[in-house]
file protein_17.csv (CSV, C-alpha atoms)
chain,number,residue,atom,x,y,z
A,524,GLU,CA,34.2,-95.7,-34.0
A,525,PHE,CA,35.1,-95.6,-37.7
A,526,ARG,CA,33.5,-93.1,-40.0
A,527,PHE,CA,34.1,-93.8,-43.6
A,528,GLY,CA,31.9,-91.1,-44.9
A,529,SER,CA,28.4,-92.2,-44.2
A,530,CYS,CA,29.5,-95.7,-43.3
A,531,ARG,CA,29.7,-96.1,-39.5
A,532,VAL,CA,31.5,-99.0,-37.8
A,533,GLU,CA,31.3,-99.2,-34.0
A,534,GLY,CA,32.8,-101.7,-31.6
A,535,VAL,CA,36.2,-102.1,-33.1
A,536,VAL,CA,39.2,-101.2,-30.9
A,537,LEU,CA,41.9,-100.0,-33.3
A,538,PRO,CA,44.8,-100.1,-30.8
A,539,GLU,CA,44.1,-103.9,-30.6
A,540,LEU,CA,44.7,-104.2,-34.4
A,541,TRP,CA,47.9,-102.2,-34.0
A,542,GLU,CA,49.1,-104.5,-31.2
A,543,ALA,CA,48.3,-107.5,-33.3
A,544,PHE,CA,50.1,-106.3,-36.3
A,545,GLN,CA,53.1,-105.1,-34.3
A,546,ALA,CA,53.5,-108.6,-33.0
A,547,MET,CA,53.9,-109.9,-36.6
A,548,LYS,CA,55.5,-106.9,-38.3
A,549,HIS,CA,59.2,-107.8,-38.2
A,550,THR,CA,58.6,-111.5,-38.9
A,551,VAL,CA,56.4,-110.8,-42.0
A,552,GLN,CA,58.2,-107.8,-43.4
A,553,ALA,CA,61.6,-109.6,-43.1
A,554,GLN,CA,60.2,-112.2,-45.6
A,555,ASP,CA,59.4,-109.5,-48.2
A,556,ASN,CA,62.4,-109.4,-50.6
A,557,VAL,CA,60.7,-107.5,-53.3
A,558,THR,CA,61.4,-104.1,-51.7
A,559,SER,CA,61.2,-102.3,-55.1
A,560,VAL,CA,57.4,-102.8,-55.1
A,561,ARG,CA,54.9,-101.1,-52.8
A,562,LEU,CA,51.3,-102.3,-53.3
A,563,LEU,CA,49.5,-99.6,-51.2
A,564,LYS,CA,51.2,-96.8,-53.1
A,565,GLN,CA,50.4,-93.2,-52.3
A,566,GLU,CA,48.2,-93.1,-55.5
A,567,VAL,CA,45.9,-95.7,-53.9
A,568,LEU,CA,45.4,-94.0,-50.5
A,569,GLN,CA,46.2,-90.3,-50.9
A,570,ASN,CA,43.4,-87.7,-51.1
A,571,VAL,CA,40.6,-90.2,-50.7
A,572,SER,CA,37.3,-88.3,-50.1
A,573,ASP,CA,35.1,-89.3,-47.2
A,574,THR,CA,32.4,-90.6,-49.5
A,575,GLU,CA,34.9,-92.6,-51.6
A,576,SER,CA,36.5,-94.1,-48.4
A,577,CYS,CA,33.7,-96.5,-47.7
A,578,TYR,CA,33.9,-98.1,-51.1
A,579,LEU,CA,37.7,-98.3,-51.0
A,580,ILE,CA,37.9,-99.8,-47.5
A,581,HIS,CA,35.2,-102.3,-48.3
A,582,ALA,CA,37.1,-103.5,-51.4
A,583,LEU,CA,40.4,-103.6,-49.7
A,584,LEU,CA,39.2,-105.5,-46.6
A,585,LYS,CA,37.3,-108.0,-48.8
A,586,PHE,CA,40.5,-108.6,-50.8
A,587,TYR,CA,42.6,-109.0,-47.6
A,588,LEU,CA,40.1,-111.5,-46.2
A,589,ASN,CA,39.3,-113.5,-49.3
A,590,THR,CA,42.7,-113.5,-50.9
A,591,VAL,CA,45.5,-112.5,-48.5
A,592,PHE,CA,44.5,-113.9,-45.2
A,593,LYS,CA,43.0,-117.0,-46.7
A,594,ASN,CA,46.1,-118.0,-48.6
A,595,TYR,CA,48.7,-116.8,-46.1
A,596,HIS,CA,47.3,-118.9,-43.3
A,597,LYS,CA,49.9,-121.7,-43.8
A,598,LYS,CA,52.8,-119.2,-43.3
A,599,ILE,CA,51.1,-117.8,-40.2
A,600,VAL,CA,51.0,-121.2,-38.6
A,601,GLU,CA,54.6,-121.7,-39.6
A,602,PHE,CA,55.6,-118.4,-38.0
A,603,LYS,CA,53.6,-119.2,-34.9
A,604,ILE,CA,51.7,-115.9,-35.0
A,605,LEU,CA,48.2,-117.4,-35.2
A,606,LYS,CA,46.8,-115.5,-32.2
A,607,SER,CA,47.7,-112.1,-33.6
A,608,PHE,CA,46.6,-113.1,-37.0
A,609,SER,CA,43.2,-114.1,-35.7
A,610,THR,CA,42.8,-110.8,-33.9
A,611,LEU,CA,43.5,-108.9,-37.1
A,612,ALA,CA,41.4,-111.1,-39.4
A,613,ASN,CA,38.4,-111.2,-37.1
A,614,ASN,CA,38.5,-107.4,-36.7
A,615,PHE,CA,38.8,-106.9,-40.5
A,616,LEU,CA,35.8,-109.3,-40.9
A,617,ALA,CA,33.8,-107.3,-38.3
A,618,ILE,CA,34.5,-104.0,-40.0
A,619,MET,CA,33.7,-105.3,-43.4
A,620,SER,CA,30.5,-106.9,-42.4
A,621,LYS,CA,29.2,-103.6,-41.0
A,622,LEU,CA,30.1,-101.5,-44.0
A,623,GLN,CA,27.2,-100.7,-46.3
A,624,PRO,CA,28.5,-98.6,-49.2
A,625,SER,CA,25.6,-96.8,-50.8
A,626,GLN,CA,24.5,-98.3,-54.1
A,627,GLU,CA,22.6,-95.2,-55.3
A,628,ASN,CA,23.1,-93.8,-58.8
A,629,GLU,CA,24.4,-90.5,-57.6
A,630,THR,CA,27.4,-92.1,-56.0
A,631,PHE,CA,28.3,-94.2,-59.1
A,632,SER,CA,31.2,-92.0,-60.1
A,633,ILE,CA,32.5,-92.0,-56.6
A,634,SER,CA,32.4,-95.8,-56.4
A,635,GLU,CA,34.1,-95.9,-59.8
A,636,SER,CA,36.9,-93.7,-58.5
A,637,ALA,CA,37.4,-95.9,-55.5
A,638,HIS,CA,37.3,-99.0,-57.8
A,639,ARG,CA,40.1,-97.5,-59.9
A,640,ARG,CA,42.2,-97.1,-56.8
A,641,PHE,CA,41.5,-100.6,-55.8
A,642,LEU,CA,42.5,-101.9,-59.2
A,643,LEU,CA,45.8,-100.1,-58.9
A,644,PHE,CA,46.5,-102.1,-55.8
A,645,ARG,CA,45.2,-105.4,-57.1
A,646,GLY,CA,47.1,-104.9,-60.4
A,647,ALA,CA,50.4,-104.5,-58.6
A,648,PHE,CA,49.5,-107.6,-56.5
A,649,LYS,CA,48.9,-109.7,-59.6
A,650,GLN,CA,52.2,-108.7,-61.2
A,651,LEU,CA,54.1,-110.6,-58.5
A,652,ASP,CA,54.5,-114.2,-57.8
A,653,ILE,CA,51.6,-115.3,-55.5
A,654,GLU,CA,53.8,-116.1,-52.5
A,655,ALA,CA,55.7,-112.8,-52.8
A,656,ALA,CA,52.5,-110.9,-53.3
A,657,LEU,CA,50.8,-112.4,-50.2
A,658,THR,CA,53.8,-111.7,-48.0
A,659,LYS,CA,54.0,-108.1,-49.3
A,660,ALA,CA,50.3,-107.4,-48.9
A,661,PHE,CA,50.4,-108.8,-45.4
A,662,GLY,CA,53.5,-106.7,-44.6
A,663,GLU,CA,51.8,-103.6,-45.7
A,664,VAL,CA,48.9,-103.8,-43.2
A,665,ASP,CA,50.6,-101.0,-41.3
A,666,ILE,CA,50.2,-98.7,-44.3
A,667,LEU,CA,46.5,-99.8,-44.4
A,668,LEU,CA,46.0,-99.2,-40.6
A,669,THR,CA,47.7,-95.8,-40.8
A,670,TRP,CA,45.2,-94.8,-43.5
A,671,MET,CA,42.2,-96.3,-41.5
A,672,GLU,CA,43.3,-94.4,-38.4
A,673,LYS,CA,42.4,-91.1,-40.2
A,674,PHE,CA,38.7,-92.2,-40.1
A,675,TYR,CA,38.8,-93.5,-36.5
A,676,GLN,CA,37.4,-91.5,-33.6
A,677,LEU,CA,37.7,-92.5,-29.9
B,950,VAL,CA,89.1,-100.4,-55.9
B,951,PRO,CA,86.2,-102.5,-54.7
B,952,CYS,CA,86.9,-104.1,-51.4
B,953,VAL,CA,86.8,-107.8,-50.6
B,954,SER,CA,83.3,-108.4,-49.2
B,955,GLY,CA,83.0,-110.5,-46.2
B,956,GLY,CA,86.6,-110.1,-45.1
B,957,LEU,CA,85.5,-108.3,-42.0
B,958,PRO,CA,82.8,-109.1,-39.4
B,959,LYS,CA,79.6,-107.1,-39.8
B,960,PRO,CA,78.7,-104.0,-37.7
B,961,MET,CA,76.0,-104.9,-35.1
B,962,ASN,CA,72.7,-103.6,-33.7
B,963,ILE,CA,71.8,-101.4,-36.6
B,964,THR,CA,68.7,-99.3,-35.9
B,965,PHE,CA,67.0,-96.0,-36.6
B,966,VAL,CA,66.7,-93.7,-33.6
B,967,SER,CA,63.9,-91.3,-34.4
B,968,ILE,CA,62.6,-88.3,-32.3
B,969,ASN,CA,60.3,-85.7,-33.9
B,970,MET,CA,61.3,-87.0,-37.3
B,971,LYS,CA,65.0,-86.6,-36.7
B,972,ASN,CA,66.0,-90.0,-38.0
B,973,VAL,CA,69.5,-91.1,-37.1
B,974,LEU,CA,70.9,-94.5,-38.1
B,975,GLN,CA,73.0,-96.0,-35.4
B,976,TRP,CA,75.1,-99.2,-35.1
B,977,ALA,CA,77.8,-100.8,-33.0
B,978,PRO,CA,81.3,-101.7,-34.3
B,979,PRO,CA,82.0,-105.2,-35.4
B,980,GLU,CA,83.2,-107.6,-32.8
B,981,GLY,CA,86.8,-108.4,-32.5
B,982,LEU,CA,88.2,-105.3,-34.2
B,983,GLN,CA,89.2,-103.2,-31.1
B,984,GLY,CA,92.1,-100.9,-32.0
B,985,VAL,CA,91.6,-101.4,-35.8
B,986,GLU,CA,90.8,-98.1,-37.7
B,987,VAL,CA,87.6,-99.3,-39.3
B,988,THR,CA,85.5,-96.9,-41.3
B,989,TYR,CA,81.8,-97.3,-42.3
B,990,THR,CA,79.7,-96.7,-45.4
B,991,VAL,CA,76.0,-96.2,-45.3
B,992,GLN,CA,73.3,-96.6,-48.0
B,993,TYR,CA,69.5,-96.2,-47.8
B,994,PHE,CA,66.5,-97.4,-49.8
B,995,ILE,CA,63.0,-96.0,-50.2
B,996,TYR,CA,60.5,-98.9,-50.1
B,997,GLY,CA,58.8,-99.3,-53.5
B,998,GLN,CA,61.6,-97.7,-55.4
B,999,LYS,CA,64.4,-99.3,-57.4
B,1000,LYS,CA,67.9,-98.5,-56.1
B,1001,TRP,CA,70.0,-98.2,-53.0
B,1002,LEU,CA,71.1,-94.6,-52.6
B,1003,SER,CA,74.3,-93.3,-51.0
B,1004,LYS,CA,74.8,-90.4,-48.7
B,1005,SER,CA,78.2,-88.8,-49.4
B,1006,LYS,CA,78.6,-87.5,-45.8
B,1007,CYS,CA,78.3,-91.1,-44.6
B,1008,LYS,CA,81.0,-92.7,-46.8
B,1009,ASN,CA,84.1,-94.0,-45.1
B,1010,ILE,CA,83.2,-92.4,-41.8
B,1011,ASN,CA,84.7,-93.2,-38.4
B,1012,ARG,CA,81.7,-92.5,-36.3
B,1013,THR,CA,79.0,-95.1,-35.8
B,1014,TYR,CA,75.9,-93.0,-36.7
B,1015,CYS,CA,74.6,-91.3,-39.7
B,1016,ASP,CA,71.8,-88.6,-39.8
B,1017,LEU,CA,69.4,-89.6,-42.5
B,1018,SER,CA,66.7,-87.1,-41.5
B,1019,ALA,CA,66.8,-85.3,-44.8
B,1020,GLU,CA,66.8,-88.5,-46.8
B,1021,THR,CA,63.8,-89.9,-44.9
B,1022,SER,CA,61.9,-86.7,-44.5
B,1023,ASP,CA,58.8,-87.9,-46.4
B,1024,TYR,CA,57.4,-89.6,-43.4
B,1025,GLU,CA,54.6,-91.4,-45.3
B,1026,HIS,CA,57.2,-93.4,-47.1
B,1027,GLN,CA,59.0,-96.4,-45.6
B,1028,TYR,CA,62.7,-97.0,-45.7
B,1029,TYR,CA,65.6,-99.4,-45.2
B,1030,ALA,CA,69.2,-98.5,-44.5
B,1031,LYS,CA,72.4,-100.6,-44.4
B,1032,VAL,CA,76.0,-100.2,-43.3
B,1033,LYS,CA,79.2,-102.0,-43.9
B,1034,ALA,CA,82.6,-101.8,-42.2
B,1035,VAL,CA,85.7,-101.1,-44.3
B,1036,TRP,CA,89.4,-101.6,-43.5
B,1037,GLY,CA,91.9,-101.2,-46.2
B,1038,THR,CA,90.8,-103.5,-49.1
B,1039,ASN,CA,88.7,-105.6,-46.8
B,1040,CYS,CA,85.1,-104.9,-46.0
B,1041,SER,CA,82.2,-106.6,-44.2
B,1042,LYS,CA,78.9,-107.7,-45.8
B,1043,TRP,CA,76.1,-105.2,-45.5
B,1044,VAL,CA,73.9,-105.3,-42.5
B,1045,GLU,CA,70.4,-103.9,-43.0
B,1046,THR,CA,67.6,-102.4,-40.9
B,1047,GLY,CA,64.1,-103.7,-40.9
B,1048,ARG,CA,61.5,-101.6,-42.7
B,1049,PHE,CA,61.4,-98.2,-41.0
B,1050,TYR,CA,58.2,-96.2,-41.1
B,1051,PRO,CA,58.8,-92.7,-39.6
B,1052,PHE,CA,55.2,-91.8,-39.4
B,1053,LEU,CA,54.5,-94.8,-37.0
B,1054,GLU,CA,57.9,-95.1,-35.3
B,1055,THR,CA,59.2,-91.6,-34.6
B,1056,GLN,CA,59.2,-90.8,-30.9
B,1057,ILE,CA,57.1,-87.7,-30.1
B,1058,GLY,CA,59.1,-85.4,-27.9
B,1059,PRO,CA,57.6,-83.7,-24.9
B,1060,PRO,CA,55.8,-80.3,-25.3
B,1061,GLU,CA,57.1,-77.1,-23.9
B,1062,VAL,CA,55.4,-76.5,-20.5
B,1063,SER,CA,54.8,-73.2,-18.9
B,1064,LEU,CA,53.2,-72.9,-15.5
B,1065,THR,CA,51.5,-70.0,-13.7
B,1066,THR,CA,50.5,-70.4,-10.1
B,1067,GLY,CA,47.5,-69.0,-8.3
B,1068,GLU,CA,46.4,-69.3,-4.7
B,1069,LYS,CA,44.7,-72.7,-5.2
B,1070,SER,CA,45.3,-73.3,-8.8
B,1071,ILE,CA,48.1,-73.8,-11.4
B,1072,SER,CA,47.6,-73.0,-15.0
B,1073,ILE,CA,49.4,-75.1,-17.5
B,1074,VAL,CA,50.1,-74.0,-21.1
B,1075,LEU,CA,51.6,-76.5,-23.5
B,1076,THR,CA,53.4,-75.9,-26.8
B,1077,ALA,CA,53.6,-78.9,-29.2
B,1078,PRO,CA,57.1,-80.2,-30.0
B,1079,GLU,CA,58.6,-79.2,-33.4
B,1080,LYS,CA,59.3,-81.5,-36.2
B,1081,TRP,CA,63.0,-81.8,-37.2
B,1082,LYS,CA,64.0,-79.2,-39.8
B,1083,ARG,CA,66.7,-79.2,-42.3
B,1084,ASN,CA,68.0,-75.7,-41.6
B,1085,PRO,CA,67.5,-73.7,-38.4
B,1086,GLU,CA,66.1,-70.8,-40.4
B,1087,ASP,CA,63.5,-73.0,-42.1
B,1088,SER,CA,60.0,-72.3,-40.8
B,1089,SER,CA,58.9,-74.6,-38.0
B,1090,VAL,CA,56.4,-77.4,-38.4
B,1091,SER,CA,54.6,-78.5,-35.3
B,1092,MET,CA,54.2,-82.2,-34.7
B,1093,GLN,CA,50.5,-81.3,-34.1
B,1094,GLN,CA,50.3,-80.5,-37.8
B,1095,ILE,CA,51.5,-84.0,-38.6
B,1096,TYR,CA,49.4,-85.8,-35.9
B,1097,SER,CA,46.1,-84.0,-35.6
B,1098,ASN,CA,45.2,-86.5,-32.9
B,1099,LEU,CA,48.2,-85.6,-30.7
B,1100,LYS,CA,47.4,-85.8,-27.0
B,1101,TYR,CA,49.2,-85.0,-23.7
B,1102,ASN,CA,49.4,-86.9,-20.5
B,1103,VAL,CA,49.9,-84.5,-17.6
B,1104,SER,CA,51.3,-86.0,-14.4
B,1105,MET,CA,51.0,-84.1,-11.2
B,1106,TYR,CA,52.5,-84.7,-7.8
B,1107,ASN,CA,51.6,-83.0,-4.5
B,1108,THR,CA,54.8,-83.0,-2.5
B,1109,LYS,CA,53.0,-82.5,0.8
B,1110,SER,CA,50.4,-85.2,0.5
B,1111,LYS,CA,52.7,-87.4,-1.7
B,1112,ARG,CA,49.7,-87.9,-3.9
B,1113,MET,CA,50.2,-88.3,-7.7
B,1114,TRP,CA,47.5,-88.2,-10.4
B,1115,SER,CA,47.5,-87.7,-14.1
B,1116,GLN,CA,45.1,-86.4,-16.8
B,1117,CYS,CA,44.9,-86.9,-20.5
B,1118,ILE,CA,44.1,-83.7,-22.5
B,1119,THR,CA,43.9,-82.8,-26.2
B,1120,ASN,CA,44.0,-79.1,-26.1
B,1121,HIS,CA,46.9,-77.0,-25.0
B,1122,THR,CA,45.8,-75.5,-21.7
B,1123,LEU,CA,44.8,-77.0,-18.4
B,1124,VAL,CA,43.9,-75.3,-15.1
B,1125,LEU,CA,44.3,-77.3,-12.0
B,1126,SER,CA,41.9,-75.9,-9.4
B,1127,TRP,CA,41.0,-76.8,-5.8
B,1128,LEU,CA,44.7,-77.2,-4.9
B,1129,GLU,CA,46.1,-76.7,-1.5
B,1130,PRO,CA,47.6,-73.2,-1.0
B,1131,ASN,CA,51.3,-72.8,-0.2
B,1132,THR,CA,52.1,-76.3,-1.5
B,1133,LEU,CA,54.8,-77.4,-3.8
B,1134,TYR,CA,53.5,-79.3,-6.9
B,1135,CYS,CA,55.7,-81.1,-9.4
B,1136,ILE,CA,54.4,-81.5,-13.0
B,1137,SER,CA,55.7,-83.5,-16.0
B,1138,VAL,CA,54.0,-83.9,-19.4
B,1139,GLU,CA,54.4,-86.4,-22.2
B,1140,SER,CA,53.0,-86.3,-25.7
B,1141,PHE,CA,51.4,-89.3,-27.4
B,1142,VAL,CA,49.4,-90.3,-30.4
B,1143,PRO,CA,47.0,-93.2,-30.9
B,1144,GLY,CA,48.3,-95.9,-33.1
B,1145,PRO,CA,51.0,-98.5,-32.5
B,1146,PRO,CA,52.7,-98.2,-29.1
B,1147,ARG,CA,55.8,-96.1,-29.3
B,1148,LEU,CA,58.5,-94.8,-26.9
B,1149,THR,CA,57.6,-91.6,-25.1
B,1150,ARG,CA,59.8,-89.0,-23.5
B,1151,PRO,CA,58.3,-87.0,-20.6
B,1152,SER,CA,59.2,-83.3,-20.1
B,1153,GLN,CA,61.6,-82.2,-17.4
B,1154,LYS,CA,59.8,-82.2,-14.1
B,1155,GLN,CA,58.9,-78.7,-13.0
B,1156,CYS,CA,57.9,-77.8,-9.4
B,1157,VAL,CA,56.0,-74.7,-8.4
B,1158,SER,CA,54.3,-73.6,-5.3
B,1159,THR,CA,50.8,-72.4,-5.0
B,1160,LEU,CA,50.5,-69.0,-3.3
B,1161,GLU,CA,49.8,-68.3,0.4
B,1162,ASP,CA,46.2,-68.5,1.4
B,1163,GLN,CA,45.2,-64.8,1.4
B,1164,THR,CA,42.2,-65.4,3.8
B,1165,SER,CA,44.4,-66.9,6.5
B,1166,GLY,CA,46.1,-63.5,7.0
B,1167,LEU,CA,42.9,-61.6,7.7
B,1168,LYS,CA,42.1,-60.8,11.4
B,1169,VAL,CA,38.5,-61.5,12.5
B,1170,LYS,CA,37.3,-58.4,14.3

call {"tool": "encode", "arguments": {"input": "protein_17.csv", "output": "structure tokens"}}
result
Amino acid sequence: EFRFGSCRVEGVVLPELWEAFQAMKHTVQAQDNVTSVRLLKQEVLQNVSDTESCYLIHALLKFYLNTVFKNYHKKIVEFKILKSFSTLANNFLAIMSKLQPSQENETFSISESAHRRFLLFRGAFKQLDIEAALTKAFGEVDILLTWMEKFYQL
Amino acid sequence: VPCVSGGLPKPMNITFVSINMKNVLQWAPPEGLQGVEVTYTVQYFIYGQKKWLSKSKCKNINRTYCDLSAETSDYEHQYYAKVKAVWGTNCSKWVETGRFYPFLETQIGPPEVSLTTGEKSISIVLTAPEKWKRNPEDSSVSMQQIYSNLKYNVSMYNTKSKRMWSQCITNHTLVLSWLEPNTLYCISVESFVPGPPRLTRPSQKQCVSTLEDQTSGLKVK
């Protein structure tokens, strides 16, 4: 079960996501030649409070689904890693659809803080050529999963 | 004098071997250069930063490994390393590792295991392995502090019944009860953390015998 603050997500088996990414890691990361740029920098993911985590994970997963996975699909077919890719994408979709970040006024400042972190990530993404950015974002899923693991309980 | 790049074949099988965050770069000599006094030069790179960095102790070395533990000690970063072979004014092209992520890839060594036997029980106390440290006198950091979800897989073998079983625990003590008295049991423990699959390294097998059954010695009057 994931617990991103008050957001609970059940029914996702994190080891399956790891296994799926591990099957693609070397293929995808080897394509990333812009090694001087890291999108999921420590400023994006470090010291995220529990309450902030739900907003941040929701924004990140939404971006991965709607931008990264959607546009990287051609490469996935080319690399013949469709099965692993589908496992990852479907699980991200399942998690995101179960997240309900609170919209109340009291949490406005927290959601703003999460949004600034997300903008840091997206800003770095937009500075790159789209193909390079997609490859890099996909190759950094291990950084994202490592952060998500902190909120996962067996 | 810069060497002529590509004049030599490249080193092979470059990889990081990492145990408890001791991160050692290893490679094999280039093919076809037996008997030639080749030396090697290593550089490393922190993902997201700008330049390749040198390690002076791994410049023009004869050995085929380089300890980069200090240089890769921030385990939440990711790294690359590369090596080239040099011979006189000739050198090979660089050969590079994939992206190395110590936090996900380091092998978690076995815990320290101490056993105390009872008549029908064995008490097991585990001490988490220690993270690599720069100097022996530095204070120790337990791998438990890095991986709060560190778990142990305790394997037990009854040498009389030839029966083996195992148990996964999160805390550091385990009491095996309802054992057979006066029986030799062998125990081995490996550490593991959830996350991507990684190599594990079980502890040395330790065998201890449960004590004699005290009641069997009593005479029934």

call {"tool": "closest_atom_pairs", "arguments": {"input": "protein_17.csv", "of": "chain A", "to": "chain B", "cutoff": "9 Å", "atoms": "all atoms listed in the file", "output": "JSON lines"}}
result
{"residue": "A:Leu537", "atom": "CA", "partner": "B:Gly1144", "partner_atom": "CA", "distance": 7.6}
{"residue": "A:Pro538", "atom": "CA", "partner": "B:Gly1144", "partner_atom": "CA", "distance": 5.9}
{"residue": "A:Glu539", "atom": "CA", "partner": "B:Pro1145", "partner_atom": "CA", "distance": 9.0}
{"residue": "A:Leu540", "atom": "CA", "partner": "B:Pro1145", "partner_atom": "CA", "distance": 8.7}
{"residue": "A:Trp541", "atom": "CA", "partner": "B:Pro1145", "partner_atom": "CA", "distance": 5.1}
{"residue": "A:Glu542", "atom": "CA", "partner": "B:Pro1145", "partner_atom": "CA", "distance": 6.4}
{"residue": "A:Phe544", "atom": "CA", "partner": "B:Pro1145", "partner_atom": "CA", "distance": 8.7}
{"residue": "A:Gln545", "atom": "CA", "partner": "B:Pro1145", "partner_atom": "CA", "distance": 7.2}
{"residue": "A:His549", "atom": "CA", "partner": "B:Gly1047", "partner_atom": "CA", "distance": 6.9}
{"residue": "A:Gln552", "atom": "CA", "partner": "B:Arg1048", "partner_atom": "CA", "distance": 7.1}
{"residue": "A:Ala553", "atom": "CA", "partner": "B:Gly1047", "partner_atom": "CA", "distance": 6.8}
{"residue": "A:Val557", "atom": "CA", "partner": "B:Gly997", "partner_atom": "CA", "distance": 8.4}
{"residue": "A:Thr558", "atom": "CA", "partner": "B:Tyr996", "partner_atom": "CA", "distance": 5.5}
{"residue": "A:Ser559", "atom": "CA", "partner": "B:Gly997", "partner_atom": "CA", "distance": 4.2}
{"residue": "A:Val560", "atom": "CA", "partner": "B:Gly997", "partner_atom": "CA", "distance": 4.1}
{"residue": "A:Arg561", "atom": "CA", "partner": "B:Gly997", "partner_atom": "CA", "distance": 4.4}
{"residue": "A:Leu562", "atom": "CA", "partner": "B:Gly997", "partner_atom": "CA", "distance": 8.1}
{"residue": "A:Lys564", "atom": "CA", "partner": "B:Gly997", "partner_atom": "CA", "distance": 8.0}
{"residue": "A:Gln565", "atom": "CA", "partner": "B:Glu1025", "partner_atom": "CA", "distance": 8.4}
{"residue": "A:Asp665", "atom": "CA", "partner": "B:Leu1053", "partner_atom": "CA", "distance": 8.5}
{"residue": "A:Ile666", "atom": "CA", "partner": "B:Glu1025", "partner_atom": "CA", "distance": 8.6}
{"residue": "A:Leu668", "atom": "CA", "partner": "B:Gly1144", "partner_atom": "CA", "distance": 8.5}
{"residue": "A:Thr669", "atom": "CA", "partner": "B:Gly1144", "partner_atom": "CA", "distance": 7.7}
{"residue": "A:Glu672", "atom": "CA", "partner": "B:Gly1144", "partner_atom": "CA", "distance": 7.4}

call {"tool": "closest_residue", "arguments": {"input": "protein_17.csv", "among": "A:Lys606, A:Lys673, A:Arg640, A:Lys649", "to": "Leu579 of chain A", "atoms": "only C-alpha atoms"}}
result
A:Arg640

call {"tool": "atom_distance", "arguments": {"input": "protein_17.csv", "atom1": "atom CA of Glu1129 of chain B", "atom2": "atom CA of Gln1116 of chain B"}}
result
18.1 Å

call {"tool": "closest_residue", "arguments": {"input": "protein_17.csv", "among": "A:Leu667, A:Cys577, A:Val600, A:Ala656", "to": "Ser529 of chain A", "atoms": "all atoms listed in the file"}}
result
A:Cys577

call {"tool": "residues_around", "arguments": {"input": "protein_17.csv", "residues": "Ala1030 of chain B", "least_positions_apart": "2", "cutoff": "6 Å", "atoms": "all atoms listed in the file", "output": "PyMOL selection string"}}
result
chain B and resi 992-993+1045-1046

call {"tool": "decode", "arguments": {"input": "protein_17.csv", "residues": "segment 1136-1157 of chain B", "atoms": "C-alpha atoms", "output": "JSON list (two decimals), in the first residue's frame"}}
result
[["chain", "number", "residue", "atom", "x", "y", "z"],
["B", 1136, "ILE", "CA", 21.95, -21.46, 10.57],
["B", 1137, "SER", "CA", 22.74, -18.90, 7.86],
["B", 1138, "VAL", "CA", 21.31, -15.40, 7.44],
["B", 1139, "GLU", "CA", 21.15, -12.98, 4.51],
["B", 1140, "SER", "CA", 20.11, -9.33, 4.49],
["B", 1141, "PHE", "CA", 17.79, -7.88, 1.88],
["B", 1142, "VAL", "CA", 15.82, -4.73, 1.13],
["B", 1143, "PRO", "CA", 12.67, -4.34, -0.94],
["B", 1144, "GLY", "CA", 13.24, -2.64, -4.30],
["B", 1145, "PRO", "CA", 14.90, -3.91, -7.44],
["B", 1146, "PRO", "CA", 16.38, -7.39, -7.18],
["B", 1147, "ARG", "CA", 20.02, -7.35, -6.10],
["B", 1148, "LEU", "CA", 22.69, -9.91, -5.33],
["B", 1149, "THR", "CA", 22.72, -11.19, -1.75],
["B", 1150, "ARG", "CA", 25.49, -12.75, 0.26],
["B", 1151, "PRO", "CA", 24.51, -15.18, 3.05],
["B", 1152, "SER", "CA", 26.46, -15.27, 6.30],
["B", 1153, "GLN", "CA", 28.86, -18.09, 7.03],
["B", 1154, "LYS", "CA", 26.87, -21.16, 8.07],
["B", 1155, "GLN", "CA", 27.05, -21.65, 11.85],
["B", 1156, "CYS", "CA", 26.14, -24.99, 13.46],
["B", 1157, "VAL", "CA", 25.21, -25.36, 17.13]]
